[in-house]
$ cat protein_29.pdb   # PDB, C-alpha atoms, pLDDT in the B column
ATOM      1  CA  MET A 795       0.000   0.000   0.000  1.00 70.00           C
ATOM      2  CA  PHE A 796       2.749   2.495   0.853  1.00 81.00           C
ATOM      3  CA  ASN A 797       5.535   3.677  -1.430  1.00 78.00           C
ATOM      4  CA  ASP A 798       8.734   5.649  -0.972  1.00 81.00           C
ATOM      5  CA  ARG A 799       7.577   8.761  -2.850  1.00 86.00           C
ATOM      6  CA  SER A 800       6.023  10.606   0.094  1.00 91.00           C
ATOM      7  CA  PRO A 801       5.827  10.267   3.883  1.00 93.00           C
ATOM      8  CA  ILE A 802       3.600   7.445   5.086  1.00 93.00           C
ATOM      9  CA  TYR A 803       1.375   9.770   7.115  1.00 94.00           C
ATOM     10  CA  LEU A 804       0.567  11.718   3.919  1.00 95.00           C
ATOM     11  CA  GLN A 805      -0.173   8.479   2.101  1.00 94.00           C
ATOM     12  CA  ILE A 806      -2.541   7.521   4.943  1.00 95.00           C
ATOM     13  CA  ALA A 807      -4.341  10.859   4.669  1.00 95.00           C
ATOM     14  CA  ASP A 808      -4.563  10.574   0.874  1.00 95.00           C
ATOM     15  CA  GLY A 809      -5.880   7.018   1.109  1.00 94.00           C
ATOM     16  CA  ILE A 810      -8.661   8.054   3.459  1.00 96.00           C
ATOM     17  CA  LYS A 811      -9.497  11.019   1.232  1.00 97.00           C
ATOM     18  CA  ASN A 812      -9.722   8.653  -1.754  1.00 96.00           C
ATOM     19  CA  ASP A 813     -12.009   6.338   0.232  1.00 97.00           C
ATOM     20  CA  ILE A 814     -14.277   9.291   0.993  1.00 98.00           C
ATOM     21  CA  LEU A 815     -14.342  10.455  -2.624  1.00 97.00           C
ATOM     22  CA  SER A 816     -15.074   6.947  -3.899  1.00 97.00           C
ATOM     23  CA  GLY A 817     -17.918   6.496  -1.406  1.00 96.00           C
ATOM     24  CA  SER A 818     -16.182   3.705   0.530  1.00 97.00           C
ATOM     25  CA  LEU A 819     -16.369   6.009   3.549  1.00 97.00           C
ATOM     26  CA  ARG A 820     -19.540   8.063   3.914  1.00 97.00           C
ATOM     27  CA  GLU A 821     -20.389  11.211   5.828  1.00 97.00           C
ATOM     28  CA  ASP A 822     -20.574  10.667   9.589  1.00 97.00           C
ATOM     29  CA  GLU A 823     -19.191   7.120   9.205  1.00 97.00           C
ATOM     30  CA  GLN A 824     -16.673   6.019  11.798  1.00 97.00           C
ATOM     31  CA  VAL A 825     -13.163   5.301  10.555  1.00 97.00           C
ATOM     32  CA  MET A 826     -10.714   2.786  12.000  1.00 94.00           C
ATOM     33  CA  SER A 827      -8.908   3.975  15.103  1.00 94.00           C
ATOM     34  CA  THR A 828      -5.284   4.937  14.703  1.00 93.00           C
ATOM     35  CA  ASN A 829      -4.262   1.805  16.626  1.00 94.00           C
ATOM     36  CA  GLN A 830      -6.415  -0.421  14.412  1.00 94.00           C
ATOM     37  CA  TYR A 831      -5.012   1.286  11.343  1.00 92.00           C
ATOM     38  CA  ALA A 832      -1.449   0.881  12.591  1.00 94.00           C
ATOM     39  CA  ALA A 833      -1.970  -2.798  13.398  1.00 94.00           C
ATOM     40  CA  PHE A 834      -3.694  -3.523  10.079  1.00 91.00           C
ATOM     41  CA  TYR A 835      -0.963  -1.876   7.981  1.00 91.00           C
ATOM     42  CA  ARG A 836       1.891  -2.776  10.343  1.00 93.00           C
ATOM     43  CA  ILE A 837       3.063   0.775  10.869  1.00 93.00           C
ATOM     44  CA  ASN A 838       3.929   2.870  13.887  1.00 94.00           C
ATOM     45  CA  PRO A 839       0.759   4.140  15.670  1.00 95.00           C
ATOM     46  CA  ALA A 840       2.318   7.625  15.860  1.00 96.00           C
ATOM     47  CA  THR A 841       2.565   7.676  12.055  1.00 95.00           C
ATOM     48  CA  ALA A 842      -1.095   6.742  11.707  1.00 95.00           C
ATOM     49  CA  ALA A 843      -2.017   9.353  14.332  1.00 96.00           C
ATOM     50  CA  LYS A 844      -0.142  12.036  12.379  1.00 97.00           C
ATOM     51  CA  GLY A 845      -2.102  11.231   9.218  1.00 96.00           C
ATOM     52  CA  PHE A 846      -5.404  11.290  11.100  1.00 97.00           C
ATOM     53  CA  ALA A 847      -4.464  14.562  12.835  1.00 97.00           C
ATOM     54  CA  GLN A 848      -3.860  16.172   9.461  1.00 97.00           C
ATOM     55  CA  LEU A 849      -7.341  15.102   8.338  1.00 98.00           C
ATOM     56  CA  VAL A 850      -8.870  16.555  11.504  1.00 97.00           C
ATOM     57  CA  ASP A 851      -6.965  19.813  10.930  1.00 97.00           C
ATOM     58  CA  GLU A 852      -8.289  19.936   7.359  1.00 96.00           C
ATOM     59  CA  GLY A 853     -11.855  19.320   8.533  1.00 96.00           C
ATOM     60  CA  VAL A 854     -12.108  15.971   6.731  1.00 98.00           C
ATOM     61  CA  LEU A 855     -12.525  13.996   9.955  1.00 98.00           C
ATOM     62  CA  TYR A 856     -13.939  14.982  13.325  1.00 97.00           C
ATOM     63  CA  LYS A 857     -13.546  13.440  16.768  1.00 95.00           C
ATOM     64  CA  LYS A 858     -16.255  12.234  19.105  1.00 95.00           C
ATOM     65  CA  ARG A 859     -14.644  12.097  22.497  1.00 93.00           C
ATOM     66  CA  GLY A 860     -14.404   8.564  23.803  1.00 92.00           C
ATOM     67  CA  ILE A 861     -15.940   7.092  20.649  1.00 94.00           C
ATOM     68  CA  GLY A 862     -13.578   7.702  17.749  1.00 94.00           C
ATOM     69  CA  MET A 863     -13.152   9.624  14.520  1.00 96.00           C
ATOM     70  CA  PHE A 864     -15.777  10.139  11.869  1.00 98.00           C
ATOM     71  CA  VAL A 865     -16.013  11.524   8.341  1.00 98.00           C
ATOM     72  CA  SER A 866     -17.135  15.158   8.395  1.00 98.00           C
ATOM     73  CA  PRO A 867     -20.515  15.779   6.754  1.00 97.00           C
ATOM     74  CA  ASP A 868     -19.000  18.255   4.290  1.00 97.00           C
ATOM     75  CA  ALA A 869     -15.854  16.212   3.562  1.00 97.00           C
ATOM     76  CA  PRO A 870     -16.891  14.817   0.145  1.00 97.00           C
ATOM     77  CA  GLY A 871     -17.803  18.245  -1.211  1.00 96.00           C
ATOM     78  CA  LYS A 872     -14.729  19.882   0.290  1.00 96.00           C
ATOM     79  CA  LEU A 873     -12.430  17.178  -1.108  1.00 97.00           C
ATOM     80  CA  ARG A 874     -14.090  17.232  -4.519  1.00 97.00           C
ATOM     81  CA  ALA A 875     -13.692  21.035  -4.739  1.00 96.00           C
ATOM     82  CA  ALA A 876     -10.004  20.812  -3.779  1.00 95.00           C
ATOM     83  CA  ARG A 877      -9.356  18.039  -6.299  1.00 95.00           C
ATOM     84  CA  ARG A 878     -11.113  19.973  -9.068  1.00 96.00           C
ATOM     85  CA  GLU A 879      -9.011  23.044  -8.317  1.00 96.00           C
ATOM     86  CA  ARG A 880      -5.846  20.934  -8.309  1.00 94.00           C
ATOM     87  CA  PHE A 881      -6.879  19.232 -11.573  1.00 95.00           C
ATOM     88  CA  PHE A 882      -7.277  22.548 -13.363  1.00 94.00           C
ATOM     89  CA  ALA A 883      -4.031  23.954 -11.957  1.00 95.00           C
ATOM     90  CA  GLU A 884      -1.795  20.893 -12.291  1.00 95.00           C
ATOM     91  CA  ALA A 885      -3.259  18.978 -15.224  1.00 94.00           C
ATOM     92  CA  LEU A 886      -5.258  21.269 -17.454  1.00 93.00           C
ATOM     93  CA  GLU A 887      -3.260  24.512 -17.306  1.00 94.00           C
ATOM     94  CA  PRO A 888      -0.077  22.845 -18.640  1.00 94.00           C
ATOM     95  CA  VAL A 889      -2.105  21.278 -21.460  1.00 93.00           C
ATOM     96  CA  LEU A 890      -3.620  24.640 -22.385  1.00 93.00           C
ATOM     97  CA  ASP A 891      -0.192  26.298 -22.248  1.00 93.00           C
ATOM     98  CA  GLU A 892       1.222  23.660 -24.607  1.00 94.00           C
ATOM     99  CA  ALA A 893      -1.811  24.001 -26.900  1.00 94.00           C
ATOM    100  CA  ASP A 894      -1.106  27.746 -27.124  1.00 94.00           C
ATOM    101  CA  ARG A 895       2.533  27.074 -27.970  1.00 96.00           C
ATOM    102  CA  VAL A 896       1.661  24.708 -30.823  1.00 96.00           C
ATOM    103  CA  GLY A 897      -1.322  26.681 -32.119  1.00 96.00           C
ATOM    104  CA  ILE A 898      -4.233  24.514 -30.999  1.00 95.00           C
ATOM    105  CA  SER A 899      -7.364  26.541 -30.313  1.00 93.00           C
ATOM    106  CA  ILE A 900      -9.821  25.982 -27.463  1.00 92.00           C
ATOM    107  CA  ASP A 901     -12.424  25.122 -30.114  1.00 92.00           C
ATOM    108  CA  GLU A 902     -10.175  22.348 -31.449  1.00 93.00           C
ATOM    109  CA  ILE A 903      -9.649  20.996 -27.938  1.00 91.00           C
ATOM    110  CA  THR A 904     -13.385  21.115 -27.224  1.00 91.00           C
ATOM    111  CA  HIS A 905     -14.154  19.341 -30.509  1.00 92.00           C
ATOM    112  CA  TYR A 906     -11.534  16.690 -29.759  1.00 91.00           C
ATOM    113  CA  LEU A 907     -12.898  16.099 -26.274  1.00 89.00           C
ATOM    114  CA  GLY A 908     -16.472  15.934 -27.579  1.00 89.00           C
ATOM    115  CA  SER A 909     -15.513  13.277 -30.107  1.00 90.00           C
ATOM    116  CA  ARG A 910     -13.922  11.122 -27.383  1.00 83.00           C
ATOM    117  CA  ARG A 911     -17.179  10.565 -25.461  1.00 71.00           C
TER
END
$ encode --input "protein_29.pdb" --output "structure tokens"
Amino acid sequence: MFNDRSPIYLQIADGIKNDILSGSLREDEQVMSTNQYAAFYRINPATAAKGFAQLVDEGVLYKKRGIGMFVSPDAPGKLRAARRERFFAEALEPVLDEADRVGISIDEITHYLGSRR
């Protein structure tokens, strides 16, 4: 599950975000505890806790004292909006810049995309 490209705690946070976006984890659904997560993936509990803390800080998860952590009701929408913004900035803007450099118009791109569906 984990790779060497980024810190494990970030990979944990990204994995949970992906589970929320895919619908595997729903709003107000309880997530595994950090200890369960650490045991399941055979990682240090502090590493799992750091990933979960990041998600709490971002408002993706919330804590119920003495019960556990849950998916925030607005997490799917918040995550989807952030991913859309990142998609336009990191994926689409470079494509549009290259299209400008080689003389491809927006109309040509739109036509091409329309023919692909």
$ atom_distance --input "protein_29.pdb" --atom1 "atom CA of Lys844 of chain A" --atom2 "atom CA of Val865 of chain A"
16.4 Å
$ resolve_selection --input "protein_29.pdb" --expression "the PyMOL selection byres ((chain A and resi 826-842) around 10)" --output "list of chain:residue names"
A:Met795, A:Phe796, A:Pro801, A:Ile802, A:Tyr803, A:Leu804, A:Gln805, A:Ile806, A:Ala807, A:Glu823, A:Gln824, A:Val825, A:Ala843, A:Lys844, A:Gly845, A:Phe846, A:Ala847, A:Ile861, A:Gly862, A:Met863, A:Phe864
$ atom_distance --input "protein_29.pdb" --atom1 "atom CA of Val854 of chain A" --atom2 "atom CA of Pro867 of chain A"
8.4 Å
$ atom_distance --input "protein_29.pdb" --atom1 "atom CA of Arg799 of chain A" --atom2 "atom CA of Gln848 of chain A"
18.4 Å
$ resolve_selection --input "protein_29.pdb" --expression "the PyMOL selection byres ((chain A and resi 868-876) around 9)" --output "PyMOL selection string"
chain A and resi 811-812+814-815+817+820-821+853-855+865-867+877-881
$ closest_residue --input "protein_29.pdb" --among "A:Arg911, A:Ile810, A:Asp901, A:Arg895" --to "Val850 of chain A" --atoms "all atoms listed in the file"
A:Ile810
$ axis_aligned_box --input "protein_29.pdb" --around "segment 892-911 of chain A" --padding-each-side "8 Å" --output "JSON"
{"center_x": -7.3, "center_y": 19.2, "center_z": -28.4, "size_x": 35.7, "size_y": 33.2, "size_z": 23.5}
$ build_atoms --input "protein_29.pdb" --residues "segment 887-898 of chain A" --atoms "N, CA, C and O atoms" --output "mmCIF file, keeping the file's coordinate frame"
data_model
loop_
_atom_site.group_PDB
_atom_site.id
_atom_site.type_symbol
_atom_site.label_atom_id
_atom_site.label_comp_id
_atom_site.auth_asym_id
_atom_site.auth_seq_id
_atom_site.Cartn_x
_atom_site.Cartn_y
_atom_site.Cartn_z
ATOM 1 N N GLU A 887 -4.014 23.306 -16.939
ATOM 2 C CA GLU A 887 -3.260 24.512 -17.306
ATOM 3 C C GLU A 887 -2.025 24.183 -18.145
ATOM 4 O O GLU A 887 -1.793 24.850 -19.161
ATOM 5 N N PRO A 888 -1.226 23.180 -17.774
ATOM 6 C CA PRO A 888 -0.077 22.845 -18.640
ATOM 7 C C PRO A 888 -0.496 22.405 -20.049
ATOM 8 O O PRO A 888 0.173 22.721 -21.023
ATOM 9 N N VAL A 889 -1.611 21.705 -20.142
ATOM 10 C CA VAL A 889 -2.105 21.278 -21.460
ATOM 11 C C VAL A 889 -2.499 22.502 -22.285
ATOM 12 O O VAL A 889 -2.160 22.602 -23.474
ATOM 13 N N LEU A 890 -3.209 23.433 -21.661
ATOM 14 C CA LEU A 890 -3.620 24.640 -22.385
ATOM 15 C C LEU A 890 -2.415 25.498 -22.780
ATOM 16 O O LEU A 890 -2.399 26.072 -23.875
ATOM 17 N N ASP A 891 -1.419 25.561 -21.911
ATOM 18 C CA ASP A 891 -0.192 26.298 -22.248
ATOM 19 C C ASP A 891 0.499 25.677 -23.464
ATOM 20 O O ASP A 891 0.932 26.390 -24.370
ATOM 21 N N GLU A 892 0.595 24.353 -23.471
ATOM 22 C CA GLU A 892 1.222 23.660 -24.607
ATOM 23 C C GLU A 892 0.389 23.837 -25.870
ATOM 24 O O GLU A 892 0.933 24.030 -26.960
ATOM 25 N N ALA A 893 -0.935 23.789 -25.742
ATOM 26 C CA ALA A 893 -1.811 24.001 -26.900
ATOM 27 C C ALA A 893 -1.567 25.382 -27.495
ATOM 28 O O ALA A 893 -1.499 25.527 -28.729
ATOM 29 N N ASP A 894 -1.418 26.390 -26.639
ATOM 30 C CA ASP A 894 -1.106 27.746 -27.124
ATOM 31 C C ASP A 894 0.219 27.755 -27.884
ATOM 32 O O ASP A 894 0.323 28.359 -28.959
ATOM 33 N N ARG A 895 1.208 27.083 -27.342
ATOM 34 C CA ARG A 895 2.533 27.074 -27.970
ATOM 35 C C ARG A 895 2.512 26.435 -29.357
ATOM 36 O O ARG A 895 3.242 26.862 -30.249
ATOM 37 N N VAL A 896 1.678 25.408 -29.532
ATOM 38 C CA VAL A 896 1.661 24.708 -30.823
ATOM 39 C C VAL A 896 0.487 25.123 -31.706
ATOM 40 O O VAL A 896 0.267 24.537 -32.766
ATOM 41 N N GLY A 897 -0.269 26.130 -31.268
ATOM 42 C CA GLY A 897 -1.322 26.681 -32.119
ATOM 43 C C GLY A 897 -2.626 25.909 -32.143
ATOM 44 O O GLY A 897 -3.338 25.944 -33.149
ATOM 45 N N ILE A 898 -2.946 25.225 -31.081
ATOM 46 C CA ILE A 898 -4.233 24.514 -30.999
ATOM 47 C C ILE A 898 -5.220 25.416 -30.272
ATOM 48 O O ILE A 898 -4.958 25.874 -29.156
#
